[in-house]
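Data from protein.cif: mmCIF, C-alpha atoms
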data_final
#
loop_
_atom_site.label_atom_id
_atom_site.label_comp_id
_atom_site.auth_asym_id
_atom_site.auth_seq_id
_atom_site.Cartn_x
_atom_site.Cartn_y
_atom_site.Cartn_z
CA ARG A 22 -12.49 -217.49 39.81
CA MET A 23 -16.23 -217.08 40.31
CA ARG A 24 -17.07 -213.39 40.76
CA ARG A 25 -20.84 -213.84 40.92
CA ALA A 26 -23.04 -216.90 40.61
CA ASP A 27 -23.07 -216.62 36.78
CA LYS A 28 -19.68 -215.06 36.05
CA MET A 29 -16.07 -216.22 36.07
CA GLN A 30 -12.69 -214.65 35.34
CA VAL A 31 -10.98 -216.16 32.29
CA LEU A 32 -7.69 -215.65 30.46
CA LEU A 33 -8.26 -215.74 26.72
CA LYS A 34 -5.90 -217.88 24.63
CA GLY A 35 -6.92 -216.29 21.35
CA ASP A 36 -8.66 -213.24 19.88
CA ILE A 37 -12.45 -213.48 20.11
CA GLU A 38 -14.53 -210.77 18.48
CA GLY A 39 -16.74 -208.98 20.96
CA VAL A 40 -15.03 -210.68 23.94
CA GLY A 41 -11.37 -209.72 24.00
CA LYS A 42 -7.83 -210.25 22.76
CA ALA A 43 -5.42 -213.11 23.43
CA ASN A 44 -3.82 -212.97 26.91
CA GLN A 45 -6.55 -210.59 28.11
CA VAL A 46 -8.42 -211.35 31.34
CA VAL A 47 -12.18 -211.03 30.94
CA GLN A 48 -15.34 -211.94 32.81
CA VAL A 49 -17.67 -214.34 30.98
CA ASN A 50 -20.76 -216.35 31.76
CA VAL A 51 -20.11 -219.77 33.22
CA GLY A 52 -22.16 -221.38 30.45
CA TYR A 53 -20.18 -219.58 27.73
CA PHE A 54 -16.91 -220.79 29.23
CA ASN A 55 -18.07 -224.39 29.67
CA ASN A 56 -19.81 -224.69 26.30
CA PHE A 57 -17.51 -222.67 24.04
CA LEU A 58 -14.21 -221.42 25.41
CA ARG A 59 -13.06 -224.53 27.25
CA PRO A 60 -13.98 -227.12 24.55
CA LYS A 61 -12.13 -225.04 21.94
CA ALA A 62 -9.17 -224.34 24.27
CA LEU A 63 -9.76 -220.62 23.85
CA GLY A 64 -9.70 -219.72 27.53
CA VAL A 65 -8.69 -220.91 30.97
CA VAL A 66 -9.88 -219.95 34.43
CA ILE A 67 -7.36 -217.40 35.65
CA SER A 68 -6.43 -219.43 38.72
CA ASP A 69 -5.45 -222.33 36.48
CA GLU A 70 -3.36 -220.03 34.31
CA GLU A 71 -1.58 -218.53 37.26
CA VAL A 72 -0.33 -221.87 38.54
CA ALA A 73 0.08 -224.04 35.47
CA VAL A 74 -0.44 -222.52 32.03
CA LYS A 75 2.19 -219.76 31.97
CA LEU A 76 4.68 -221.78 29.96
CA GLU A 77 4.57 -219.52 26.92
CA LYS A 78 5.11 -216.40 29.01
CA GLU A 79 7.94 -218.07 30.92
CA GLN A 80 9.66 -218.90 27.66
CA GLU A 81 9.26 -215.35 26.37
CA GLU A 82 10.62 -213.91 29.61
CA LEU A 83 13.65 -216.19 29.63
CA ASP A 84 14.37 -215.44 25.99
CA ARG A 85 14.15 -211.70 26.69
CA ILE A 86 16.33 -211.63 29.82
CA LYS A 87 18.63 -214.52 28.88
CA PRO A 88 19.60 -215.38 32.48
CA THR A 89 22.42 -217.75 33.33
CA HIS A 90 20.67 -218.93 36.51
CA VAL A 91 17.06 -219.40 37.61
CA ILE A 92 16.04 -219.94 41.25
CA VAL A 93 12.68 -221.54 41.99
CA ALA A 94 11.17 -221.20 45.46
CA ALA A 95 7.56 -221.76 44.39
CA GLY A 96 5.47 -224.31 46.22
CA LEU A 97 1.95 -224.73 47.49
CA THR A 98 1.45 -225.89 51.07
CA GLY A 99 -1.95 -224.29 51.61
CA ARG A 100 -3.28 -222.29 54.53
CA PRO A 101 -3.24 -222.66 57.41
CA ASN A 102 -1.18 -225.82 56.73
CA VAL A 103 -0.75 -228.79 54.39
CA ASP A 104 -4.16 -230.18 55.34
CA TRP A 105 -5.50 -227.74 52.73
CA CYS A 106 -3.90 -229.82 49.98
CA GLU A 107 -6.05 -232.83 50.86
CA THR A 108 -9.13 -231.04 49.53
CA HIS A 109 -7.44 -229.02 46.77
CA LYS A 110 -5.57 -231.73 44.90
CA GLU A 111 -5.75 -230.30 41.39
CA GLU A 112 -4.36 -226.94 42.50
CA THR A 113 -1.61 -228.69 44.45
CA ILE A 114 -0.58 -230.77 41.43
CA ARG A 115 -0.53 -227.74 39.14
CA VAL A 116 1.95 -225.88 41.32
CA ASN A 117 4.02 -228.54 43.05
CA THR A 118 4.46 -230.90 40.13
CA ILE A 119 3.43 -229.44 36.77
CA GLY A 120 4.39 -225.81 37.40
CA THR A 121 7.86 -226.47 38.79
CA LEU A 122 8.56 -229.16 36.19
CA ASN A 123 7.62 -226.73 33.41
CA ILE A 124 10.20 -224.24 34.65
CA ALA A 125 12.92 -226.90 34.93
CA ASP A 126 12.13 -228.14 31.43
CA THR A 127 12.06 -224.66 29.92
CA CYS A 128 15.46 -223.91 31.48
CA SER A 129 16.83 -227.23 30.25
CA GLN A 130 15.93 -226.39 26.66
CA ARG A 131 17.89 -223.15 26.98
CA GLY A 132 20.89 -224.48 28.87
CA ILE A 133 20.06 -222.44 31.98
CA HIS A 134 21.08 -223.63 35.44
CA CYS A 135 17.94 -224.09 37.55
CA MET A 136 18.09 -224.30 41.35
CA ILE A 137 14.90 -225.54 42.98
CA PHE A 138 14.09 -225.31 46.67
CA ALA A 139 12.22 -228.56 47.16
CA THR A 140 11.36 -230.57 50.28
CA GLY A 141 12.74 -233.49 52.22
CA CYS A 142 9.28 -234.23 53.63
CA ILE A 143 8.96 -237.15 51.22
CA TYR A 144 10.19 -239.81 53.64
CA GLU A 145 9.06 -241.37 56.90
CA TYR A 146 10.93 -243.63 59.29
CA ASP A 147 10.57 -247.30 58.32
CA ALA A 148 12.14 -250.67 59.13
CA ASN A 149 15.30 -249.77 57.19
CA HIS A 150 15.47 -246.18 58.40
CA THR A 151 14.65 -246.10 62.09
CA ILE A 152 15.01 -243.26 64.57
CA GLY A 153 18.71 -243.12 65.39
CA GLY A 154 19.47 -245.56 62.58
CA VAL A 155 20.40 -245.26 58.91
CA PRO A 156 19.30 -241.89 57.43
CA PHE A 157 17.72 -241.43 54.02
CA THR A 158 20.11 -240.59 51.19
CA GLU A 159 19.46 -238.67 48.00
CA ASP A 160 19.14 -241.98 46.13
CA ASP A 161 16.35 -243.45 48.26
CA GLU A 162 12.90 -243.55 46.68
CA PRO A 163 10.27 -241.37 48.41
CA ASN A 164 8.17 -243.52 50.76
CA PHE A 165 5.85 -241.00 52.42
CA LYS A 166 2.40 -240.60 50.89
CA ALA A 167 0.23 -239.90 53.94
CA SER A 168 0.14 -236.24 52.88
CA PHE A 169 -0.97 -235.24 49.38
CA TYR A 170 1.42 -232.29 49.54
CA SER A 171 4.32 -234.67 50.13
CA HIS A 172 3.04 -237.05 47.46
CA THR A 173 3.17 -234.34 44.79
CA LYS A 174 6.61 -233.26 45.95
CA GLY A 175 7.85 -236.84 45.86
CA MET A 176 6.71 -237.21 42.26
CA LEU A 177 8.49 -233.99 41.36
CA ASP A 178 11.68 -235.06 43.15
CA THR A 179 11.87 -238.23 41.07
CA LEU A 180 11.21 -236.44 37.78
CA LEU A 181 13.76 -233.67 38.41
CA LYS A 182 16.54 -236.25 38.55
CA CYS A 183 16.14 -236.60 34.77
CA TYR A 184 17.41 -233.05 34.20
CA SER A 185 21.15 -232.41 34.04
CA ASN A 186 20.74 -228.64 34.53
CA VAL A 187 18.82 -228.84 37.83
CA LEU A 188 20.01 -228.44 41.41
CA THR A 189 17.34 -229.81 43.77
CA LEU A 190 17.66 -228.75 47.40
CA ARG A 191 15.55 -230.76 49.85
CA VAL A 192 14.63 -228.33 52.62
CA ARG A 193 13.08 -229.64 55.85
CA MET A 194 11.18 -227.77 58.57
CA PRO A 195 12.85 -224.44 57.68
CA ILE A 196 13.87 -222.18 60.55
CA SER A 197 14.61 -218.45 60.28
CA ASP A 198 15.94 -215.92 62.76
CA ASP A 199 13.03 -213.53 62.26
CA LEU A 200 10.25 -215.79 63.61
CA CYS A 201 8.17 -215.25 60.46
CA SER A 202 4.87 -217.10 60.28
CA ARG A 203 6.29 -219.83 58.03
CA SER A 204 9.25 -220.64 60.26
CA PHE A 205 9.02 -224.09 61.83
CA VAL A 206 9.79 -222.65 65.26
CA THR A 207 7.00 -220.09 64.99
CA LYS A 208 4.55 -222.79 63.95
CA ILE A 209 5.22 -225.21 66.78
CA ALA A 210 5.56 -222.41 69.35
CA SER A 211 1.95 -221.53 68.58
CA TYR A 212 0.72 -225.06 69.34
CA HIS A 213 -0.45 -226.17 72.75
CA LYS A 214 0.91 -229.67 72.17
CA VAL A 215 3.63 -231.06 69.92
CA VAL A 216 4.99 -234.49 69.12
CA ASP A 217 8.61 -235.10 70.06
CA ILE A 218 10.40 -236.88 67.21
CA PRO A 219 13.97 -236.37 65.91
CA ASN A 220 14.02 -234.79 62.45
CA SER A 221 16.42 -233.20 60.04
CA MET A 222 15.87 -229.45 59.81
CA THR A 223 17.09 -226.49 57.79
CA VAL A 224 18.31 -223.25 59.38
CA LEU A 225 17.98 -220.76 56.54
CA THR A 226 20.44 -218.31 58.10
CA ASP A 227 23.23 -220.76 57.28
CA LEU A 228 21.92 -222.54 54.24
CA ILE A 229 20.66 -219.70 52.05
CA PRO A 230 24.24 -218.41 51.54
CA LEU A 231 25.33 -221.96 50.77
CA SER A 232 22.55 -222.36 48.21
CA LEU A 233 23.66 -219.20 46.40
CA ALA A 234 27.24 -220.45 46.33
CA MET A 235 26.06 -223.76 44.88
CA SER A 236 24.01 -221.96 42.24
CA ALA A 237 26.90 -219.69 41.29
CA ALA A 238 29.15 -222.74 40.90
CA LYS A 239 26.43 -224.45 38.80
CA VAL A 240 26.32 -227.46 41.05
CA THR A 241 23.65 -229.93 39.91
CA GLY A 242 21.94 -232.99 41.32
CA THR A 243 19.84 -233.64 44.41
CA PHE A 244 20.97 -232.65 47.90
CA ASN A 245 19.46 -233.21 51.34
CA PHE A 246 19.58 -229.52 52.23
CA CYS A 247 19.65 -229.65 56.04
CA ASN A 248 22.05 -228.90 58.84
CA PRO A 249 23.87 -232.05 59.98
CA LYS A 250 22.32 -234.16 62.79
CA PRO A 251 18.65 -234.60 63.68
CA ILE A 252 16.93 -232.62 66.43
CA SER A 253 13.64 -233.24 68.21
CA HIS A 254 10.68 -230.89 68.64
CA ASN A 255 11.38 -230.59 72.36
CA GLN A 256 15.01 -229.71 71.73
CA VAL A 257 13.92 -227.00 69.30
CA LEU A 258 11.50 -225.52 71.83
CA GLU A 259 14.11 -225.72 74.59
CA SER A 260 16.40 -223.55 72.47
CA TYR A 261 13.51 -221.16 71.80
CA LYS A 262 12.79 -220.93 75.53
CA LYS A 263 16.45 -220.42 76.40
CA HIS A 264 17.16 -217.68 73.88
CA VAL A 265 13.80 -216.07 73.10
CA ASP A 266 11.01 -216.59 75.62
CA PRO A 267 11.99 -217.85 79.10
CA ASN A 268 8.31 -218.05 80.10
CA PHE A 269 7.37 -220.38 77.25
CA THR A 270 5.67 -223.69 78.07
CA TRP A 271 4.35 -226.59 76.02
CA ASP A 272 3.02 -230.13 76.31
CA ASN A 273 3.61 -233.26 74.28
CA PHE A 274 1.24 -235.71 72.73
CA SER A 275 1.66 -238.90 70.71
CA VAL A 276 1.53 -239.30 66.94
CA GLU A 277 -1.75 -241.14 67.42
CA GLU A 278 -3.20 -238.22 69.38
CA GLN A 279 -1.89 -235.77 66.80
CA ALA A 280 -3.64 -237.71 64.02
CA LYS A 281 -7.00 -236.87 65.60
CA VAL A 282 -6.57 -233.13 64.99
CA ILE A 283 -4.99 -233.13 61.50
CA ALA A 284 -6.27 -234.27 58.11
CA ALA A 285 -2.95 -235.32 56.58
CA GLY A 286 -0.03 -237.22 58.05
CA ARG A 287 3.22 -235.44 58.87
CA SER A 288 6.62 -236.57 57.63
CA ASN A 289 9.26 -237.50 60.21
CA ASN A 290 12.70 -238.53 59.05
CA THR A 291 16.45 -238.06 59.26
CA LEU A 292 18.30 -237.21 56.05
CA ASP A 293 21.91 -238.03 55.28
CA THR A 294 23.81 -234.74 54.83
CA SER A 295 27.22 -236.16 53.93
CA LYS A 296 26.84 -235.17 50.26
CA LEU A 297 25.96 -231.61 51.24
CA GLU A 298 28.83 -231.48 53.73
CA ARG A 299 31.27 -232.38 50.96
CA ALA A 300 29.82 -229.73 48.67
CA ALA A 301 30.04 -227.07 51.38
CA LYS A 302 33.66 -227.99 52.05
CA ASP A 303 34.52 -227.81 48.34
CA LEU A 304 32.95 -224.34 48.15
CA GLY A 305 34.59 -223.13 51.36
CA MET A 306 31.20 -222.50 52.97
CA PRO A 307 30.29 -223.18 56.63
CA LEU A 308 27.70 -225.83 57.50
CA PRO A 309 27.19 -225.96 61.29
CA ASP A 310 25.26 -228.78 62.89
CA ILE A 311 21.64 -228.15 63.76
CA PHE A 312 22.21 -227.53 67.48
CA GLY A 313 24.72 -224.72 67.03
CA ALA A 314 22.82 -223.28 64.08
CA LEU A 315 19.51 -223.27 65.95
CA ASP A 316 20.98 -221.57 69.03
CA CYS A 317 22.46 -218.82 66.86
CA ALA A 318 19.19 -218.37 64.99
CA MET A 319 17.15 -218.13 68.20
CA ALA A 320 19.58 -215.67 69.74
CA GLY A 321 19.29 -213.66 66.54
CA ALA A 322 15.49 -213.82 66.68
CA ARG A 323 15.45 -212.25 70.15
CA LYS A 324 17.90 -209.57 69.05
CA ASN A 325 15.87 -208.80 65.91
CA LEU A 326 12.63 -208.47 67.87
CA GLU A 327 14.25 -206.16 70.40
CA ALA A 328 15.82 -204.02 67.67
CA ALA A 329 12.41 -203.64 66.05
CA GLY A 330 10.76 -202.76 69.35
CA GLN A 331 8.59 -205.87 69.06
CA TYR A 332 9.71 -207.77 72.15
CA PRO A 333 7.74 -209.36 73.70
CA ALA A 334 4.72 -208.25 71.63
CA GLY A 335 6.05 -209.97 68.52
CA LEU A 336 6.38 -213.42 70.08
CA PRO A 337 4.29 -216.24 68.56
CA LYS A 338 0.81 -216.49 70.06
CA LYS A 339 -0.83 -219.75 71.04
CA LEU A 340 -3.67 -220.78 68.75
CA GLY A 341 -7.18 -221.45 70.00
CA PRO A 342 -8.08 -224.68 71.85
CA GLY A 343 -6.13 -227.61 70.45
CA ASN A 344 -3.83 -227.57 67.43
CA LYS A 345 -6.09 -225.96 64.88
#
Go ahead and express the file in the form of structure tokens.
Amino acid sequence: RMRRADKMQVLLKGDIEGVGKANQVVQVNVGYFNNFLRPKALGVVISDEEVAVKLEKEQEELDRIKPTHVIVAAGLTGRPNVDWCETHKEETIRVNTIGTLNIADTCSQRGIHCMIFATGCIYEYDANHTIGGVPFTEDDEPNFKASFYSHTKGMLDTLLKCYSNVLTLRVRMPISDDLCSRSFVTKIASYHKVVDIPNSMTVLTDLIPLSLAMSAAKVTGTFNFCNPKPISHNQVLESYKKHVDPNFTWDNFSVEEQAKVIAAGRSNNTLDTSKLERAAKDLGMPLPDIFGALDCAMAGARKNLEAAGQYPAGLPKKLGPGNK
């Protein structure tokens, strides 16, 4: 990255006398990089290397450790949210499509099982998949492109189906029982207004153990990795209020009103979990529906905060005016 107006941090791809050795990070003049290193493929900006050009190192690491399983949880959503991806498209592609695909391909060449935590935010309700109607299956083509983040994930989802060694788990609106900043509940609890649309969601407390069982059994293919049944935003917040914060309040607004305060569209859909339910049954693993799972997670969140002496100080705080 740029350190000063005339300097940048570069990873060398070869030995260069007076500059550095291969795989060494050095600071060089911008002009030197643009006019010499980049045209000759002798160096890359370190941020590019970190997210996309580590293939050689990945191969060396896999060959050294010789793992039987690889788990990939990498993904770039941006901060504070996916709107970031709309103005950082190259970085988003490098991580969400190229980077993850490189890992899957490298594992494939070595016969290594590769489990990838992906996303189900690649669909939106349409004429054939209405609210309360037919859910999206693992075989449906991604149809949601209003968010560049989702667009890159949709491309990846399609490409991963070509690999026989890959287990793709489509997570949606993940919920944890620790109210971490990336939990869907924590996010919407910090908003003044939320839409109220039924969606498939993933309670990690239940599904992380299932994912490890699937990896251990070397299950492959694509799975809608959500708790059965859809649940709306209001229903989620009602559970939060019941089990965590009885003083919590919120308001609703429409999708049209929401669009005025966000840069990218948001995916809303219901995913068919019948394939996952069969896999869970075969593995002897529990898979509770979203309502029971959410209540348990929220009760656990309150208990965890109290045990840490962080209740009520650790509760999510409302953001500034509007949904920024």
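Nearest to Asp126 of chain A of all the residues A:Glu162, A:Asp147, A:Cys183, A:Val155 is A:Cys183, counting all atoms listed in the file.
Across A:Leu83, A:Val206, A:Cys128, A:Leu297, the tightest approach to Lys262 of chain A is made by A:Val206 when counting only C-alpha atoms.
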Exercise for review: Would you mind reading off the distance between atom CA of Thr158 of chain A and atom CA of Ser236 of chain A, one decimal, in Å?
Suggested key: 21.0 Å
Which residues, named as in the file, does the PyMOL selection byres ((chain A and resi 205) around 8) pick out? Answer as a PDB file with C-alpha atoms, in the coordinates of the input.
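Resulting contents of out13.pdb:
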ATOM      1  CA  MET A 194      11.180-227.770  58.570  1.00  0.00           C
ATOM      2  CA  PRO A 195      12.850-224.440  57.680  1.00  0.00           C
ATOM      3  CA  ILE A 196      13.870-222.180  60.550  1.00  0.00           C
ATOM      4  CA  ARG A 203       6.290-219.830  58.030  1.00  0.00           C
ATOM      5  CA  SER A 204       9.250-220.640  60.260  1.00  0.00           C
ATOM      6  CA  VAL A 206       9.790-222.650  65.260  1.00  0.00           C
ATOM      7  CA  THR A 207       7.000-220.090  64.990  1.00  0.00           C
ATOM      8  CA  LYS A 208       4.550-222.790  63.950  1.00  0.00           C
ATOM      9  CA  ILE A 209       5.220-225.210  66.780  1.00  0.00           C
TER      10      ILE A 209
END
Exercise for review: For atom CA of Asn268 of chain A and atom CA of Ala314 of chain A, quote the distance in Å rounded to one decimal.
Suggested key: 22.2 Å
Exercise for review: Work out how far atom CA of Val66 of chain A is from atom CA of His109 of chain A, in Å to one decimal.
Suggested key: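 Going from atom CA of His109 of chain A over to atom CA of Val66 of chain A, I get 15.5 Å.
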Check your understanding: So which residues touch segment 176-182 of chain A within 9 Å, counting all atoms listed in the file, skipping near sequence neighbours fewer than 4 positions away, as a list in words?
Key ->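 After dropping sequence-adjacent residues, the list is Asn117, Thr118, Ile119, Thr121, Leu122, Ala125, Ala139, Thr140, Ile143, Glu162, Pro163, Ser171, His172, Val187, Leu188, Thr189, Arg191, Gly242 and Thr243 of chain A.
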Exercise for review: Can you turn the PyMOL selection byres ((chain A and resi 136) around 9) into a concrete residue list for this file, as a PyMOL selection string?
Suggested key: chain A and resi 90-94+125+134-135+137-138+186-190+232+235-236+239-241
Exercise for review: Give the answer as one residue: which of A:Asp266, A:Asp227, A:Asp198, A:Asp272 has the shortest atom-to-atom distance to Ala301 of chain A, using all atoms listed in the file?
Suggested key: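 The answer is A:Asp227, which sits nearest to Ala301 of chain A.
Nearest residue to Pro251 of chain A among A:Gly330, A:Gly305, A:Gly39, A:Gly154 is A:Gly154, counting only C-alpha atoms.
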Review point. So, counting only C-alpha atoms, which residue among A:Val265, A:Ile133, A:Ala234, A:Leu225 is closest to Phe246 of chain A?
Key: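 Answer, going by the shortest atom-to-atom distance: A:Leu225.
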**Study point:** Option closest in space to Asn289 of chain A, from A:Gly132, A:Pro219, A:Pro267, A:Pro101 [counting only C-alpha atoms]
**Key:**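 The shortest atom-to-atom distance to Asn289 of chain A comes from A:Pro219.
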Practice item. Could you tell me which residues the PyMOL selection byres ((chain A and resi 98) around 12) returns for this structure, as a PyMOL selection string? Key: chain A and resi 95-97+99-110+112-114+116-117+139-140+142+168-174+203+285
Check your understanding: Excluding same-chain residues fewer than 6 positions from segment 58-62 of chain A, what lies within 9 Å of it counting all atoms listed in the file, as a VMD selection string?
Key -> chain A and resid 33 to 35
Would you save the residues from that selection as a short mmCIF file (atom, residue, chain, number, x, y, z; two decimals), in the frame of the given file, using C-alpha atoms?
data_model
loop_
_atom_site.label_atom_id
_atom_site.label_comp_id
_atom_site.auth_asym_id
_atom_site.auth_seq_id
_atom_site.Cartn_x
_atom_site.Cartn_y
_atom_site.Cartn_z
CA LEU A 33 -8.26 -215.74 26.72
CA LYS A 34 -5.90 -217.88 24.63
CA GLY A 35 -6.92 -216.29 21.35
#
Point to revise | Point (20.9, -215.3, 72.6), cut-off 8 Å, counting all atoms listed in the file, residues as a ChimeraX atom specification | key: /A:263-265,316-317,319-321,323-324
Can you pull out the residues contacting Glu277 of chain A? Cut-off 12 Å, using all atoms listed in the file, and skip same-chain residues under 4 positions away; I want them as a PDB file with C-alpha atoms, in the frame of the given file.
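Writing the result to part_24.pdb gives the following:
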ATOM      1  CA  VAL A 215       3.630-231.060  69.920  1.00  0.00           C
ATOM      2  CA  VAL A 216       4.990-234.490  69.120  1.00  0.00           C
ATOM      3  CA  ASN A 273       3.610-233.260  74.280  1.00  0.00           C
ATOM      4  CA  LYS A 281      -7.000-236.870  65.600  1.00  0.00           C
ATOM      5  CA  VAL A 282      -6.570-233.130  64.990  1.00  0.00           C
ATOM      6  CA  ILE A 283      -4.990-233.130  61.500  1.00  0.00           C
ATOM      7  CA  GLY A 286      -0.030-237.220  58.050  1.00  0.00           C
ATOM      8  CA  ARG A 287       3.220-235.440  58.870  1.00  0.00           C
TER       9      ARG A 287
END
Should you be able to, write segment 319-331 of chain A of this structure into a file that contains N, CA, C and O atoms, as a compact mmCIF listing (two decimals), in the first residue's frame.
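Once everything was written out, this is selection_31.txt:
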# COMPACT_ATOMS: atom_id res chain seq x y z
N MET A 319 -30.27 -16.99 21.85
CA MET A 319 -30.48 -15.73 22.55
C MET A 319 -30.43 -15.91 24.07
O MET A 319 -29.88 -15.08 24.79
N ALA A 320 -30.98 -17.02 24.53
CA ALA A 320 -30.88 -17.32 25.96
C ALA A 320 -29.42 -17.51 26.35
O ALA A 320 -28.96 -17.06 27.41
N GLY A 321 -28.66 -18.15 25.47
CA GLY A 321 -27.23 -18.34 25.71
C GLY A 321 -26.47 -17.02 25.68
O GLY A 321 -25.52 -16.83 26.45
N ALA A 322 -26.89 -16.11 24.81
CA ALA A 322 -26.23 -14.80 24.72
C ALA A 322 -26.36 -14.03 26.03
O ALA A 322 -25.40 -13.44 26.53
N ARG A 323 -27.57 -14.04 26.60
CA ARG A 323 -27.79 -13.36 27.88
C ARG A 323 -26.92 -14.00 28.97
O ARG A 323 -26.26 -13.31 29.75
N LYS A 324 -26.91 -15.31 29.00
CA LYS A 324 -26.13 -16.04 30.00
C LYS A 324 -24.64 -15.74 29.86
O LYS A 324 -23.94 -15.54 30.86
N ASN A 325 -24.15 -15.69 28.62
CA ASN A 325 -22.74 -15.44 28.38
C ASN A 325 -22.34 -14.02 28.81
O ASN A 325 -21.27 -13.81 29.38
N LEU A 326 -23.21 -13.05 28.52
CA LEU A 326 -22.94 -11.68 28.92
C LEU A 326 -22.90 -11.54 30.45
O LEU A 326 -22.02 -10.87 31.01
N GLU A 327 -23.85 -12.19 31.10
CA GLU A 327 -23.89 -12.13 32.57
C GLU A 327 -22.66 -12.80 33.18
O GLU A 327 -22.08 -12.28 34.15
N ALA A 328 -22.27 -13.93 32.61
CA ALA A 328 -21.11 -14.66 33.14
C ALA A 328 -19.83 -13.84 32.99
O ALA A 328 -18.91 -13.95 33.81
N ALA A 329 -19.79 -13.01 31.94
CA ALA A 329 -18.61 -12.19 31.70
C ALA A 329 -18.68 -10.84 32.41
O ALA A 329 -17.77 -10.02 32.29
N GLY A 330 -19.78 -10.61 33.14
CA GLY A 330 -19.95 -9.34 33.82
C GLY A 330 -20.20 -8.19 32.87
O GLY A 330 -19.91 -7.03 33.19
N GLN A 331 -20.74 -8.50 31.69
CA GLN A 331 -20.94 -7.49 30.65
C GLN A 331 -22.41 -7.20 30.38
O GLN A 331 -22.75 -6.66 29.32
